[in-house]
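Here's my_file_24.cif, which has mmCIF, C-alpha atoms:
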data_run
#
loop_
_atom_site.label_atom_id
_atom_site.label_comp_id
_atom_site.auth_asym_id
_atom_site.auth_seq_id
_atom_site.Cartn_x
_atom_site.Cartn_y
_atom_site.Cartn_z
CA MET T 23 86.38 -61.32 153.41
CA ILE T 24 82.82 -60.90 154.58
CA VAL T 25 82.33 -57.87 156.81
CA ARG T 26 80.13 -58.11 159.84
CA ASN T 27 77.25 -55.69 160.11
CA PRO T 28 77.46 -54.39 163.70
CA GLY T 29 73.71 -53.97 163.81
CA ASN T 30 72.75 -57.54 163.02
CA GLY T 31 73.56 -58.91 166.48
CA ILE T 32 75.17 -62.09 165.14
CA ASP T 33 78.45 -63.27 166.60
CA ALA T 34 81.50 -62.41 164.50
CA GLY T 35 82.83 -65.94 164.88
CA PHE T 36 80.10 -67.17 162.56
CA PHE T 37 81.32 -64.82 159.86
CA ARG T 38 84.89 -65.97 160.34
CA LEU T 39 83.64 -69.49 159.74
CA LEU T 40 81.89 -68.36 156.56
CA ASP T 41 85.13 -66.78 155.33
CA ARG T 42 86.48 -70.33 154.92
CA MET T 43 83.68 -71.04 152.42
CA PRO T 44 83.97 -68.17 149.89
CA PRO T 45 80.86 -68.99 147.79
CA LEU T 46 78.68 -69.19 150.89
CA ALA T 47 80.29 -66.07 152.37
CA ARG T 48 79.68 -64.14 149.13
CA TYR T 49 76.06 -65.31 149.00
CA THR T 50 75.53 -64.28 152.63
CA ARG T 51 77.09 -60.88 151.99
CA ASN T 52 74.81 -60.29 149.00
CA ARG T 53 71.57 -61.62 150.46
CA GLY T 54 72.06 -61.34 154.20
CA LEU T 55 72.30 -63.93 156.96
CA PRO T 56 68.51 -64.11 157.61
CA PHE T 57 68.01 -65.13 153.97
CA LEU T 58 70.64 -67.87 154.31
CA ILE T 59 69.08 -69.25 157.49
CA SER T 60 65.63 -69.12 155.89
CA TRP T 61 66.85 -71.20 152.95
CA ALA T 62 68.63 -73.65 155.27
CA HIS T 63 65.36 -74.08 157.17
CA ARG T 64 63.39 -74.72 153.97
CA LEU T 65 65.92 -77.13 152.50
CA SER T 66 66.12 -79.10 155.75
CA GLY T 67 62.30 -79.17 155.75
CA VAL T 68 62.27 -80.67 152.26
CA LEU T 69 64.80 -83.25 153.43
CA LEU T 70 62.54 -84.07 156.38
CA VAL T 71 59.59 -84.68 154.03
CA VAL T 72 61.75 -87.02 151.94
CA PHE T 73 62.87 -88.80 155.11
CA VAL T 74 59.25 -89.34 156.25
CA TRP T 75 58.27 -90.90 152.92
CA PHE T 76 61.41 -93.05 152.89
CA HIS T 77 60.54 -94.18 156.40
CA ILE T 78 57.04 -95.18 155.24
CA TYR T 79 58.59 -97.01 152.29
CA THR T 80 60.92 -98.93 154.59
CA LEU T 81 58.06 -99.96 156.87
CA SER T 82 56.16 -101.30 153.86
CA PHE T 83 58.66 -104.18 153.80
CA LEU T 84 57.12 -105.47 157.04
CA ALA T 85 54.70 -107.41 154.82
CA SER T 86 57.64 -109.78 154.39
CA VAL T 87 59.72 -110.32 157.53
CA GLY T 88 62.67 -111.58 155.48
CA ALA T 89 62.64 -108.56 153.17
CA TYR T 90 62.55 -106.17 156.13
CA ALA T 91 65.41 -108.00 157.84
CA ASP T 92 67.48 -107.78 154.65
CA LYS T 93 66.86 -104.02 154.43
CA MET T 94 67.85 -103.51 158.06
CA LYS T 95 71.13 -105.38 157.51
CA LEU T 96 72.15 -102.61 155.14
CA TYR T 97 72.16 -100.17 158.07
CA ASP T 98 75.02 -102.14 159.60
CA LEU T 99 77.28 -100.89 156.81
CA PRO T 100 79.52 -98.10 158.15
CA VAL T 101 78.68 -95.71 155.31
CA LEU T 102 74.93 -96.07 155.86
CA THR T 103 75.36 -95.78 159.61
CA PHE T 104 77.17 -92.48 159.04
CA ILE T 105 74.46 -91.26 156.63
CA GLU T 106 71.79 -92.20 159.15
CA TRP T 107 73.62 -90.17 161.81
CA ALA T 108 74.27 -87.24 159.46
CA LEU T 109 70.56 -87.04 158.57
CA ALA T 110 69.85 -86.13 162.17
CA LEU T 111 71.71 -82.81 161.79
CA PRO T 112 69.37 -81.09 159.29
CA VAL T 113 66.33 -82.66 160.96
CA ILE T 114 67.21 -81.42 164.45
CA PHE T 115 68.24 -78.04 163.01
CA HIS T 116 64.84 -77.71 161.33
CA ALA T 117 63.01 -78.61 164.54
CA LEU T 118 65.01 -76.25 166.76
CA ASN T 119 65.04 -73.40 164.26
CA GLY T 120 61.29 -73.88 163.93
CA GLY T 121 61.07 -73.37 167.67
CA ARG T 122 63.10 -70.18 167.29
CA LEU T 123 60.70 -68.94 164.61
CA ILE T 124 57.71 -69.71 166.83
CA LEU T 125 59.25 -67.67 169.65
CA TYR T 126 60.00 -64.84 167.23
CA GLU T 127 56.68 -64.86 165.39
CA SER T 128 54.13 -65.69 168.08
CA PHE T 129 55.83 -64.71 171.34
CA ARG T 130 57.72 -61.64 170.04
CA PHE T 131 61.06 -62.87 171.38
CA ARG T 132 63.58 -60.97 169.29
CA GLY T 133 66.85 -62.24 170.78
CA ASP T 134 68.08 -63.89 167.59
CA GLU T 135 71.72 -63.80 168.67
CA VAL T 136 70.95 -65.91 171.73
CA LEU T 137 68.47 -68.20 170.00
CA LEU T 138 70.74 -68.98 167.05
CA LYS T 139 73.50 -69.95 169.45
CA TRP T 140 71.08 -72.26 171.24
CA VAL T 141 69.97 -73.78 167.93
CA ALA T 142 73.57 -74.45 166.91
CA GLY T 143 74.66 -75.67 170.33
CA LEU T 144 71.70 -77.99 170.90
CA SER T 145 71.98 -79.39 167.36
CA ILE T 146 75.62 -80.30 167.96
CA LEU T 147 74.84 -81.71 171.42
CA PHE T 148 71.97 -83.83 170.07
CA ALA T 149 74.12 -85.16 167.22
CA GLY T 150 76.85 -86.06 169.73
CA ILE T 151 74.43 -87.92 172.01
CA LEU T 152 72.93 -89.73 169.03
CA GLY T 153 76.40 -90.74 167.84
CA VAL T 154 77.25 -92.21 171.26
CA LEU T 155 73.97 -94.15 171.39
CA MET T 156 74.50 -95.50 167.86
CA ARG T 157 78.00 -96.56 168.83
CA MET T 158 76.76 -98.41 171.93
CA GLY T 159 73.76 -100.06 170.26
CA ASN T 160 72.80 -102.33 173.17
CA GLN T 161 70.66 -100.13 175.42
CA LYS T 162 66.92 -100.39 176.01
CA VAL T 163 64.27 -98.13 177.60
CA SER T 164 60.60 -98.54 178.48
CA GLU T 165 58.74 -97.66 175.29
CA VAL T 166 55.43 -96.80 176.94
CA PHE T 167 57.05 -94.58 179.58
CA PHE T 168 59.32 -92.85 177.07
CA TRP T 169 56.47 -91.93 174.73
CA LEU T 170 54.21 -90.95 177.60
CA MET T 171 56.76 -88.34 178.68
CA ALA T 172 57.49 -87.23 175.11
CA ALA T 173 53.80 -86.93 174.19
CA ALA T 174 53.06 -84.96 177.37
CA ALA T 175 55.83 -82.49 176.55
CA ALA T 176 54.78 -82.24 172.87
CA LEU T 177 51.11 -81.71 173.68
CA SER T 178 52.04 -79.04 176.25
CA ALA T 179 54.08 -77.19 173.63
CA ALA T 180 51.28 -77.50 171.06
CA TYR T 181 48.63 -76.32 173.51
CA GLY T 182 50.77 -73.40 174.67
CA LEU T 183 51.06 -72.18 171.09
CA TYR T 184 47.37 -72.90 170.41
CA ALA T 185 46.37 -70.67 173.35
CA ARG T 186 48.63 -67.95 171.97
CA ILE T 187 47.55 -67.87 168.32
CA TRP T 188 44.06 -69.36 168.01
CA ARG T 189 42.24 -66.01 168.38
CA THR T 190 44.47 -64.26 165.87
CA ALA T 191 43.25 -63.33 162.38
CA HIS T 192 45.31 -66.01 160.60
CA ARG T 193 43.59 -68.82 158.76
CA TRP T 194 43.10 -72.13 160.56
CA THR T 195 45.40 -73.88 158.09
CA TRP T 196 48.22 -71.51 159.06
CA LYS T 197 47.47 -72.05 162.76
CA PHE T 198 47.52 -75.84 162.44
CA GLN T 199 50.84 -75.63 160.60
CA ARG T 200 52.39 -73.74 163.51
CA ILE T 201 50.74 -75.93 166.14
CA SER T 202 51.92 -79.09 164.37
CA GLY T 203 55.40 -77.53 164.31
CA ALA T 204 55.33 -77.06 168.09
CA PHE T 205 54.23 -80.70 168.46
CA LEU T 206 57.00 -81.94 166.15
CA LEU T 207 59.59 -79.79 167.91
CA VAL T 208 59.46 -82.38 170.68
CA MET T 209 58.33 -85.51 168.84
CA VAL T 210 60.85 -85.57 165.99
CA PRO T 211 63.97 -85.39 168.21
CA ALA T 212 62.27 -87.88 170.54
CA HIS T 213 61.71 -90.27 167.64
CA PHE T 214 65.37 -90.14 166.60
CA LEU T 215 66.46 -90.55 170.21
CA PHE T 216 64.17 -93.49 170.90
CA MET T 217 65.18 -95.39 167.77
CA HIS T 218 68.74 -95.49 169.11
CA LEU T 219 67.90 -95.83 172.79
CA SER T 220 66.16 -99.09 171.82
CA PRO T 221 67.74 -100.01 168.46
CA GLN T 222 66.16 -103.48 168.25
CA VAL T 223 62.70 -101.91 168.25
CA ALA T 224 63.52 -100.39 164.86
CA LYS T 225 65.63 -103.13 163.30
CA ASP T 226 63.98 -106.38 164.37
CA ALA T 227 60.85 -107.11 162.32
CA GLY T 228 59.18 -109.03 165.15
CA GLU T 229 59.81 -106.18 167.59
CA VAL T 230 58.44 -103.62 165.12
CA VAL T 231 55.24 -105.62 164.52
CA LEU T 232 54.76 -106.15 168.27
CA ARG T 233 55.31 -102.45 168.86
CA MET T 234 52.74 -101.43 166.27
CA GLN T 235 50.12 -103.69 167.88
CA ASN T 236 50.22 -101.64 171.08
CA LEU T 237 47.26 -99.19 170.97
CA TRP T 238 49.11 -96.40 172.80
CA ILE T 239 52.17 -96.65 170.54
CA LYS T 240 49.90 -96.81 167.49
CA LEU T 241 48.23 -93.54 168.55
CA VAL T 242 51.65 -91.92 169.04
CA ASP T 243 52.83 -93.09 165.60
CA VAL T 244 49.65 -91.90 163.86
CA ALA T 245 49.83 -88.49 165.57
CA LEU T 246 53.50 -88.14 164.66
CA LEU T 247 52.96 -89.19 161.05
CA ALA T 248 49.85 -87.03 160.54
CA SER T 249 51.57 -83.97 162.01
CA ALA T 250 54.70 -84.50 159.90
CA LEU T 251 52.72 -84.96 156.67
CA TYR T 252 50.54 -81.90 157.28
CA HIS T 253 53.42 -79.71 158.41
CA GLY T 254 55.66 -80.84 155.56
CA GLY T 255 52.91 -80.57 152.96
CA TYR T 256 52.08 -77.04 154.06
CA GLY T 257 55.77 -76.15 153.94
CA LEU T 258 56.16 -77.48 150.40
CA ILE T 259 53.10 -75.51 149.25
CA SER T 260 54.59 -72.42 150.90
CA ILE T 261 57.80 -72.86 148.92
CA LEU T 262 55.84 -73.34 145.70
CA GLY T 263 53.77 -70.29 146.50
CA ASP T 264 56.91 -68.19 146.96
CA TYR T 265 59.03 -69.38 144.08
CA ILE T 266 56.88 -70.67 141.22
CA GLY T 267 56.83 -68.02 138.53
CA SER T 268 53.35 -68.69 137.20
CA ARG T 269 50.81 -66.54 139.01
CA GLU T 270 48.04 -68.97 138.18
CA VAL T 271 49.87 -71.97 139.63
CA ARG T 272 51.11 -69.97 142.58
CA GLY T 273 47.66 -68.67 143.34
CA SER T 274 46.01 -72.10 143.24
CA ALA T 275 48.73 -73.62 145.42
CA TRP T 276 48.77 -70.81 147.96
CA ARG T 277 45.12 -69.75 148.06
CA GLY T 278 43.50 -70.53 151.38
CA LEU T 279 46.78 -71.31 153.15
CA SER T 280 48.46 -67.94 153.56
CA SER T 281 47.54 -65.55 156.31
CA PRO T 282 45.34 -62.57 155.39
#
Render the structure in this file as structure tokens.
Amino acid sequence: MIVRNPGNGIDAGFFRLLDRMPPLARYTRNRGLPFLISWAHRLSGVLLVVFVWFHIYTLSFLASVGAYADKMKLYDLPVLTFIEWALALPVIFHALNGGRLILYESFRFRGDEVLLKWVAGLSILFAGILGVLMRMGNQKVSEVFFWLMAAAAALSAAYGLYARIWRTAHRWTWKFQRISGAFLLVMVPAHFLFMHLSPQVAKDAGEVVLRMQNLWIKLVDVALLASALYHGGYGLISILGDYIGSREVRGSAWRGLSSP
């Protein structure tokens, strides 16, 4: 049984849960809970990068309305509907845990016990809301109003972090990675939420084309995509920089991106 370290400030109930998964409990005991959470954050980030590219691949079928419609019919299969819902869990975890890291790193908020509970609780709550919306499947919201509110919140979060870190000694690439993370902290959950608040906007080819012709929505999509690609690309280079054994490869991948 894994033994709780009284000084780590993490609730003992989490360790009791780990006791039911011996390999994971043993790994946590050997490496420590922060190491486990760090790896979970990185793996969910890799999954998010794969999801973004898969999303781009799916949208490429818009060149043929019939092909896009055929692809969307697959999402009506119960197994794919479940996979689509399950994908939201690591994505929302990555976004919320990224927010926790921003608070820890840039705002010196050290209450990890409280923040981890919020990350877990909000992830479960978001997944529950998403599941209900997917089950209903007939609701609709104003797209322009929704994204106006979401973009305002995301830009506020990004600017708040920008004001905090821009005069620090870190490289601009590092700063943009954190700022894009603050932007995505709002925009990624909003994207998942909107796609199921107005499901026809994502599944009907005509609706998707009409949506993408709106200048405001096009700006939102470009900002979201550019931020996700930069943030994800930086994250992948960070992982390569940490774990590739070759110093030459690691140096070329990491040079210019890490903080001094």
Inset, instruction - Quick one: apply the PyMOL selection byres ((chain T and resi 210) around 9) to the file and drop the selected residues here as a ChimeraX atom specification. - result: /T:113-114,117,205-209,211-215,246,250
Inset, instruction - Given the file shown, determine the residues that the PyMOL selection byres ((chain T and resi 68) around 12) selects; report them as a VMD selection string. - result: chain T and resid 61 to 67 69 to 75 112 to 113 116 250 to 251 253 to 262
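Here CA of Arg193 (chain T) and CA of Tyr252 (chain T) stand 14.9 Å from one another.
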Inset, instruction - Would you kindly return, as a list of chain:residue names, each protein, DNA or RNA residue with an atom no farther than 9 Å from any atom of region 121-130 of chain T, considering all atoms listed in the file and excluding same-chain residues fewer than 4 positions away? - result: T:His116, T:Ala117, T:Asp134, T:Leu137, T:Leu138, T:Val141, T:Leu183, T:Arg186, T:Ile187, T:Arg200, T:Gly203, T:Ala204, T:Leu207
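Take CA of Phe148 (chain T) and CA of Ala108 (chain T): the distance between them is 11.4 Å.
When CA of Leu84 (chain T) is paired with CA of Ser220 (chain T), their separation reads 18.5 Å.
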Inset, instruction - Name the residues that the PyMOL selection byres ((chain T and resi 243) around 12) picks from the file above, as a PyMOL selection string, using the file's chain letters and numbers. - result: chain T and resi 74+78+169+173+206+209-210+212-213+230+233-242+244-250
Inset, instruction - Could you check which of T:Leu111, T:Leu81, T:Phe198, T:Leu96 is closest to Gly153 (chain T), using all atoms listed in the file? - result: T:Leu111
Six-sided padding of 6 Å per side, axis-aligned box over region 224-243 of chain T, centre and edges in Å, one decimal, as AutoDock Vina command-line options:
--center_x 56.4 --center_y -100.5 --center_z 167.6 --size_x 30.4 --size_y 29.1 --size_z 22.5
Legend entry - Among listed residues T:Gly120, T:Ser178, T:Phe83, T:Gly228, nearest Ser60 (chain T) (using all atoms listed in the file): T:Gly120
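Nearest residue to Gly143 (chain T) among T:Leu102, T:Val163, T:Leu118, T:Met217 is T:Leu118, counting all atoms listed in the file.
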